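A.B. asks: Below is the structure I would like to discuss, written out as C-alpha cells.
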Protein chains: 2
Amino acid sequence: MAKKKEHCDCLNTIKPVRDALDVISGKWKLPIIISVGVGNDRFTDIQQSIPGITPKVLAKELRELEQHRLLKRSVVGDYPVKILYTLESYADTLTPIIYSLKDWGVNHRTFVTDKCGLNS
Amino acid sequence: MAKKKEHCDCLNTIKPVRDALDVISGKWKLPIIISVGVGNDRFTDIQQSIPGITPKVLAKELRELEQHRLLKRSVVGDYPVKILYTLESYADTLTPIIYSLKDWGVNHRTFVTDKCGLNS
C-alpha cells in the first residue's frame with residue numbers, strides 16, 4: 001500500500017510537469033519566447049538572435065507557439081505587408097520557468113567547470 | 001545599435017536556458033528524478049511509476065542522469081546483487097524548476113480546458 005501511495009504522489013507531480021514539457025520542451029521554444037519578449041518582433045530579427053536556428057524550424061516553432069496561445073502573429077499594413085510577432089499575455093506565465101531554468105543553467109555551467117577542473 | 005543590444009541581452013538568458021534544457025529536456029528525465037525523489041529506488045519501481053516508459057529508454061535515461069551527476073547507481077549485496085538508484089544532492093537544485101513546471105502544467109490544463117470549452 002505504501003508503495004502504491006508513492007506512485008500516486010509522484011504522478012500528481014509527473015503529470016503536470018509532462019504537460020508543461022509537452023508545450024515548452026525542445027531546443028527552441030523558450031529561446032524564441034525570450035527573444036520575442038525582449039522586443040524582436042520580425043522573423044529575421046528573431047532568427048538572428050537565436051544561434052543555430054534555421055528559417056524552416058523557426059517557422060514551425062512559431063506556428064506551434066501560436067497554437068498554444070503563447071505568441072501572436074499580426075499582419076500590418078497593405079503592401080508590402082509586415083508580419084509582426086508579439087507575446088500573448090499568457091506567455092508571461094512562463095516567466096518563473098524561464099528564470100528558474102536560467103538560474104540553474106548559470107549554476108550548472110559553474111558546477112560542470114568545477115567538476116571537470118576546467119577552471120584550473 | 002539598440003537592436004544589437006537586444007540580441008546581447010537575450011543571449012544572456014537564452015544560453016543558460018539552453019544549457020538547462022540540454023540536461024533536463026525531453027519527456028523522461030524530470031519524471032525519473034521526481035520518481036526517484038519520492039523513494040522509488042529500484043529499476044522496476046521507477047518504470048512502473050512512469051506511465052509509458054520502456055525499460056530500454058529508462059536504462060538510457062538513467063545512464064545519462066548518472067553522467068550529469070544527478071543520480072547515483074549503487075550495487076548492494078553480493079548474490080543476488082541489488083541495484084539501487086538514489087538522487088545525488090545536486091538533483092535538489094532542480095526543485096525550483098520542477099515546482100515551476102508543475103504549477104504551470106496545472107494552470108495550463110485549466111487554461112486549455114477553458115479555451116476549448118471542455119469544461120461546459
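By convention in this document, the chains of the C-alpha cells carry letters A, B, ... by their order, each chain's residues are numbered from 1, and ligands are numbered from 1 in the order they are shown.
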So that I can check the surroundings of Pro55 (chain A), please list as a ChimeraX atom specification every protein, DNA and RNA residue that reaches within 10 Å of it, counting only C-alpha atoms and ignoring chain neighbours fewer than 4 positions away.
C.D. replies: /A:43-44,46-48,59-61
A.B. asks: Those selected residues, please, written with all heavy atoms and delivered as a PDB file, in the first residue's frame.
C.D. replies:
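Written file, part.pdb:
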ATOM      1  N   PHE A  43      10.534  38.240 -38.100  1.00  0.00           N
ATOM      2  CA  PHE A  43      11.059  36.893 -38.304  1.00  0.00           C
ATOM      3  C   PHE A  43      12.601  36.891 -38.350  1.00  0.00           C
ATOM      4  O   PHE A  43      13.255  36.112 -37.652  1.00  0.00           O
ATOM      5  CB  PHE A  43      10.479  36.315 -39.602  1.00  0.00           C
ATOM      6  CG  PHE A  43      10.777  34.863 -39.811  1.00  0.00           C
ATOM      7  CD1 PHE A  43       9.867  33.879 -39.402  1.00  0.00           C
ATOM      8  CD2 PHE A  43      11.958  34.444 -40.406  1.00  0.00           C
ATOM      9  CE1 PHE A  43      10.140  32.530 -39.584  1.00  0.00           C
ATOM     10  CE2 PHE A  43      12.240  33.092 -40.593  1.00  0.00           C
ATOM     11  CZ  PHE A  43      11.325  32.143 -40.190  1.00  0.00           C
ATOM     12  N   THR A  44      13.144  37.798 -39.172  1.00  0.00           N
ATOM     13  CA  THR A  44      14.600  37.816 -39.351  1.00  0.00           C
ATOM     14  C   THR A  44      15.325  38.187 -38.064  1.00  0.00           C
ATOM     15  O   THR A  44      16.373  37.619 -37.735  1.00  0.00           O
ATOM     16  CB  THR A  44      14.981  38.839 -40.451  1.00  0.00           C
ATOM     17  OG1 THR A  44      14.084  38.668 -41.537  1.00  0.00           O
ATOM     18  CG2 THR A  44      16.399  38.640 -40.932  1.00  0.00           C
ATOM     19  N   ILE A  46      14.274  37.664 -35.004  1.00  0.00           N
ATOM     20  CA  ILE A  46      14.190  36.512 -34.091  1.00  0.00           C
ATOM     21  C   ILE A  46      15.235  35.477 -34.498  1.00  0.00           C
ATOM     22  O   ILE A  46      15.989  34.963 -33.675  1.00  0.00           O
ATOM     23  CB  ILE A  46      12.773  35.885 -34.103  1.00  0.00           C
ATOM     24  CG1 ILE A  46      11.713  36.929 -33.723  1.00  0.00           C
ATOM     25  CG2 ILE A  46      12.698  34.693 -33.148  1.00  0.00           C
ATOM     26  CD1 ILE A  46      10.275  36.484 -34.005  1.00  0.00           C
ATOM     27  N   GLN A  47      15.290  35.204 -35.817  1.00  0.00           N
ATOM     28  CA  GLN A  47      16.244  34.198 -36.298  1.00  0.00           C
ATOM     29  C   GLN A  47      17.687  34.575 -35.954  1.00  0.00           C
ATOM     30  O   GLN A  47      18.458  33.739 -35.480  1.00  0.00           O
ATOM     31  CB  GLN A  47      16.086  34.058 -37.813  1.00  0.00           C
ATOM     32  CG  GLN A  47      16.677  32.759 -38.348  1.00  0.00           C
ATOM     33  CD  GLN A  47      16.987  32.844 -39.824  1.00  0.00           C
ATOM     34  OE1 GLN A  47      16.253  33.492 -40.576  1.00  0.00           O
ATOM     35  NE2 GLN A  47      18.043  32.184 -40.240  1.00  0.00           N
ATOM     36  N   GLN A  48      18.031  35.853 -36.178  1.00  0.00           N
ATOM     37  CA  GLN A  48      19.413  36.282 -35.917  1.00  0.00           C
ATOM     38  C   GLN A  48      19.761  36.255 -34.431  1.00  0.00           C
ATOM     39  O   GLN A  48      20.930  36.132 -34.065  1.00  0.00           O
ATOM     40  CB  GLN A  48      19.627  37.690 -36.474  1.00  0.00           C
ATOM     41  CG  GLN A  48      19.771  37.685 -37.994  1.00  0.00           C
ATOM     42  CD  GLN A  48      19.826  39.079 -38.583  1.00  0.00           C
ATOM     43  OE1 GLN A  48      19.678  40.061 -37.853  1.00  0.00           O
ATOM     44  NE2 GLN A  48      20.020  39.159 -39.883  1.00  0.00           N
ATOM     45  N   ALA A  59       9.954  28.818 -38.402  1.00  0.00           N
ATOM     46  CA  ALA A  59       8.562  28.944 -38.881  1.00  0.00           C
ATOM     47  C   ALA A  59       7.662  27.915 -38.198  1.00  0.00           C
ATOM     48  O   ALA A  59       6.550  28.239 -37.750  1.00  0.00           O
ATOM     49  CB  ALA A  59       8.528  28.762 -40.401  1.00  0.00           C
ATOM     50  N   LYS A  60       8.149  26.691 -38.094  1.00  0.00           N
ATOM     51  CA  LYS A  60       7.373  25.617 -37.473  1.00  0.00           C
ATOM     52  C   LYS A  60       7.128  25.920 -35.983  1.00  0.00           C
ATOM     53  O   LYS A  60       6.014  25.790 -35.474  1.00  0.00           O
ATOM     54  CB  LYS A  60       8.143  24.300 -37.634  1.00  0.00           C
ATOM     55  CG  LYS A  60       7.519  23.096 -36.974  1.00  0.00           C
ATOM     56  CD  LYS A  60       8.417  21.869 -37.129  1.00  0.00           C
ATOM     57  CE  LYS A  60       8.217  20.873 -36.017  1.00  0.00           C
ATOM     58  NZ  LYS A  60       8.851  21.228 -34.734  1.00  0.00           N
ATOM     59  N   GLU A  61       8.179  26.334 -35.305  1.00  0.00           N
ATOM     60  CA  GLU A  61       8.069  26.603 -33.865  1.00  0.00           C
ATOM     61  C   GLU A  61       7.149  27.797 -33.606  1.00  0.00           C
ATOM     62  O   GLU A  61       6.372  27.794 -32.652  1.00  0.00           O
ATOM     63  CB  GLU A  61       9.460  26.877 -33.265  1.00  0.00           C
ATOM     64  CG  GLU A  61      10.433  25.720 -33.386  1.00  0.00           C
ATOM     65  CD  GLU A  61      10.204  24.627 -32.339  1.00  0.00           C
ATOM     66  OE1 GLU A  61       9.639  24.916 -31.289  1.00  0.00           O
ATOM     67  OE2 GLU A  61      10.579  23.464 -32.612  1.00  0.00           O
TER      68      GLU A  61
END
A.B. asks: Using only C-alpha atoms, which residues sit within 6 Å of Pro16 (chain B) once same-chain residues fewer than 6 positions away are excluded, as a PyMOL selection string?
C.D. replies: chain A and resi 102+105-106
A.B. asks: Once you have the residues from the selection above, write them out as a PDB file, in the first residue's frame, restricted to N, CA, C and O atoms.
C.D. replies:
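Result file follows (selection_8.pdb):
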ATOM      1  N   LYS A 102      17.099  29.574 -16.178  1.00  0.00           N
ATOM      2  CA  LYS A 102      18.278  30.434 -16.355  1.00  0.00           C
ATOM      3  C   LYS A 102      19.214  30.293 -15.156  1.00  0.00           C
ATOM      4  O   LYS A 102      20.417  30.052 -15.322  1.00  0.00           O
ATOM      5  N   GLY A 105      20.875  26.941 -15.232  1.00  0.00           N
ATOM      6  CA  GLY A 105      21.858  26.853 -16.310  1.00  0.00           C
ATOM      7  C   GLY A 105      23.159  27.558 -15.952  1.00  0.00           C
ATOM      8  O   GLY A 105      24.253  27.038 -16.202  1.00  0.00           O
ATOM      9  N   VAL A 106      23.036  28.746 -15.343  1.00  0.00           N
ATOM     10  CA  VAL A 106      24.222  29.504 -14.928  1.00  0.00           C
ATOM     11  C   VAL A 106      24.999  28.689 -13.889  1.00  0.00           C
ATOM     12  O   VAL A 106      26.214  28.499 -13.985  1.00  0.00           O
TER      13      VAL A 106
END
A.B. asks: Show me a table, sorted first by chain and then by increasing residue number, of the residues of chain A having an atom at most 7 Å from chain B, each with its shortest atom pair and the distance in Å to one decimal, counting only C-alpha atoms and written as CSV.
C.D. replies:
residue,atom,partner,partner_atom,distance
A:Glu6,CA,B:Val38,CA,6.4
A:His7,CA,B:Ser49,CA,5.2
A:Cys10,CA,B:Ser35,CA,5.8
A:Thr13,CA,B:Lys102,CA,6.2
A:Ile14,CA,B:Pro31,CA,5.3
A:Pro16,CA,B:Gly105,CA,4.2
A:Val17,CA,B:Lys102,CA,4.6
A:Arg18,CA,B:Lys27,CA,6.7
A:Asp19,CA,B:Gly105,CA,5.3
A:Ala20,CA,B:Gly105,CA,4.6
A:Leu21,CA,B:Lys27,CA,6.9
A:Ser25,CA,B:Ser25,CA,5.7
A:Gly26,CA,B:Ser25,CA,6.2
A:Lys27,CA,B:Arg18,CA,6.7
A:Pro31,CA,B:Ile14,CA,5.3
A:Ile34,CA,B:Cys10,CA,6.4
A:Ser35,CA,B:Cys10,CA,5.8
A:Val38,CA,B:Glu6,CA,6.4
A:Ser49,CA,B:His7,CA,5.2
A:Pro96,CA,B:Ser100,CA,6.2
A:Ile97,CA,B:Ser100,CA,5.4
A:Ile98,CA,B:Val17,CA,7.0
A:Ser100,CA,B:Ile97,CA,5.4
A:Leu101,CA,B:Val17,CA,5.2
A:Lys102,CA,B:Val17,CA,4.7
A:Trp104,CA,B:Ala20,CA,6.4
A:Gly105,CA,B:Pro16,CA,4.2
A:Val106,CA,B:Pro16,CA,5.4
A.B. asks: Now that the selection is made, can you save its residues with C-alpha atoms as a tab-separated table (two decimals), in the first residue's frame?
C.D. replies:
chain	number	residue	atom	x	y	z
A	6	GLU	CA	4.30	6.71	-3.55
A	7	HIS	CA	3.33	6.09	-7.16
A	10	CYS	CA	4.64	11.12	-7.78
A	13	THR	CA	3.73	15.90	-9.95
A	14	ILE	CA	4.79	13.94	-13.04
A	16	PRO	CA	1.56	18.43	-14.82
A	17	VAL	CA	5.34	18.52	-15.35
A	18	ARG	CA	4.86	16.45	-18.51
A	19	ASP	CA	2.02	18.71	-19.65
A	20	ALA	CA	4.39	21.66	-19.28
A	21	LEU	CA	7.27	19.87	-21.00
A	25	SER	CA	10.33	21.21	-24.31
A	26	GLY	CA	12.86	21.09	-27.10
A	27	LYS	CA	15.69	23.39	-28.01
A	31	PRO	CA	14.63	30.85	-26.69
A	34	ILE	CA	12.78	35.07	-24.69
A	35	SER	CA	13.76	36.71	-27.98
A	38	VAL	CA	12.92	41.45	-25.41
A	49	SER	CA	19.02	36.42	-32.16
A	96	PRO	CA	9.04	31.73	-13.39
A	97	ILE	CA	10.05	28.73	-15.52
A	98	ILE	CA	12.42	30.80	-17.64
A	100	SER	CA	14.42	29.01	-12.77
A	101	LEU	CA	15.97	27.44	-15.90
A	102	LYS	CA	18.28	30.43	-16.36
A	104	TRP	CA	20.01	26.56	-12.99
A	105	GLY	CA	21.86	26.85	-16.31
A	106	VAL	CA	24.22	29.50	-14.93
A.B. asks: Write out as a VMD selection string the set of residues from chain B that DSSP, computed on the backbone, places in alpha helix (DSSP H).
C.D. replies: chain B and resid 2 to 24 29 to 37 43 to 49 55 to 67 95 to 116
A.B. asks: Name the residues of chain A that come out as strand (DSSP E) in a backbone DSSP run; write them as a PyMOL selection string.
C.D. replies: chain A and resi 71-76+82-87
A.B. asks: Write the residues of the selection above to a file with N, CA, C and O atoms, as a JSON list (two decimals), in the first residue's frame.
C.D. replies:
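That gives us again-v7.json:
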[["chain", "number", "residue", "atom", "x", "y", "z"],
["A", 71, "LEU", "N", 1.94, 33.15, -28.42],
["A", 71, "LEU", "CA", 2.51, 34.12, -29.34],
["A", 71, "LEU", "C", 1.44, 34.57, -30.32],
["A", 71, "LEU", "O", 0.56, 33.78, -30.69],
["A", 72, "LYS", "N", 1.51, 35.86, -30.73],
["A", 72, "LYS", "CA", 0.54, 36.36, -31.69],
["A", 72, "LYS", "C", 1.26, 36.80, -32.97],
["A", 72, "LYS", "O", 2.29, 37.46, -32.90],
["A", 73, "ARG", "N", 0.70, 36.40, -34.11],
["A", 73, "ARG", "CA", 1.24, 36.80, -35.41],
["A", 73, "ARG", "C", 0.28, 37.84, -35.97],
["A", 73, "ARG", "O", -0.91, 37.57, -36.14],
["A", 74, "SER", "N", 0.78, 39.05, -36.25],
["A", 74, "SER", "CA", -0.09, 40.10, -36.79],
["A", 74, "SER", "C", 0.41, 40.52, -38.16],
["A", 74, "SER", "O", 1.62, 40.62, -38.39],
["A", 75, "VAL", "N", -0.54, 40.74, -39.07],
["A", 75, "VAL", "CA", -0.19, 41.26, -40.39],
["A", 75, "VAL", "C", -0.50, 42.75, -40.37],
["A", 75, "VAL", "O", -1.62, 43.15, -40.09],
["A", 76, "VAL", "N", 0.53, 43.57, -40.64],
["A", 76, "VAL", "CA", 0.38, 45.02, -40.51],
["A", 76, "VAL", "C", 0.59, 45.67, -41.88],
["A", 76, "VAL", "O", 1.50, 45.29, -42.62],
["A", 82, "LYS", "N", 3.66, 43.70, -43.39],
["A", 82, "LYS", "CA", 4.69, 43.42, -42.39],
["A", 82, "LYS", "C", 4.12, 42.37, -41.45],
["A", 82, "LYS", "O", 2.96, 42.49, -41.01],
["A", 83, "ILE", "N", 4.87, 41.34, -41.19],
["A", 83, "ILE", "CA", 4.42, 40.33, -40.22],
["A", 83, "ILE", "C", 5.13, 40.60, -38.90],
["A", 83, "ILE", "O", 6.36, 40.64, -38.85],
["A", 84, "LEU", "N", 4.36, 40.80, -37.86],
["A", 84, "LEU", "CA", 4.95, 41.06, -36.54],
["A", 84, "LEU", "C", 4.58, 39.95, -35.56],
["A", 84, "LEU", "O", 3.43, 39.48, -35.55],
["A", 85, "TYR", "N", 5.55, 39.59, -34.75],
["A", 85, "TYR", "CA", 5.29, 38.59, -33.71],
["A", 85, "TYR", "C", 5.38, 39.27, -32.34],
["A", 85, "TYR", "O", 6.34, 39.99, -32.07],
["A", 86, "THR", "N", 4.37, 39.07, -31.52],
["A", 86, "THR", "CA", 4.41, 39.59, -30.16],
["A", 86, "THR", "C", 3.95, 38.48, -29.20],
["A", 86, "THR", "O", 3.27, 37.54, -29.62],
["A", 87, "LEU", "N", 4.34, 38.65, -27.94],
["A", 87, "LEU", "CA", 3.91, 37.65, -26.96],
["A", 87, "LEU", "C", 2.46, 37.89, -26.56],
["A", 87, "LEU", "O", 2.03, 39.03, -26.41]]
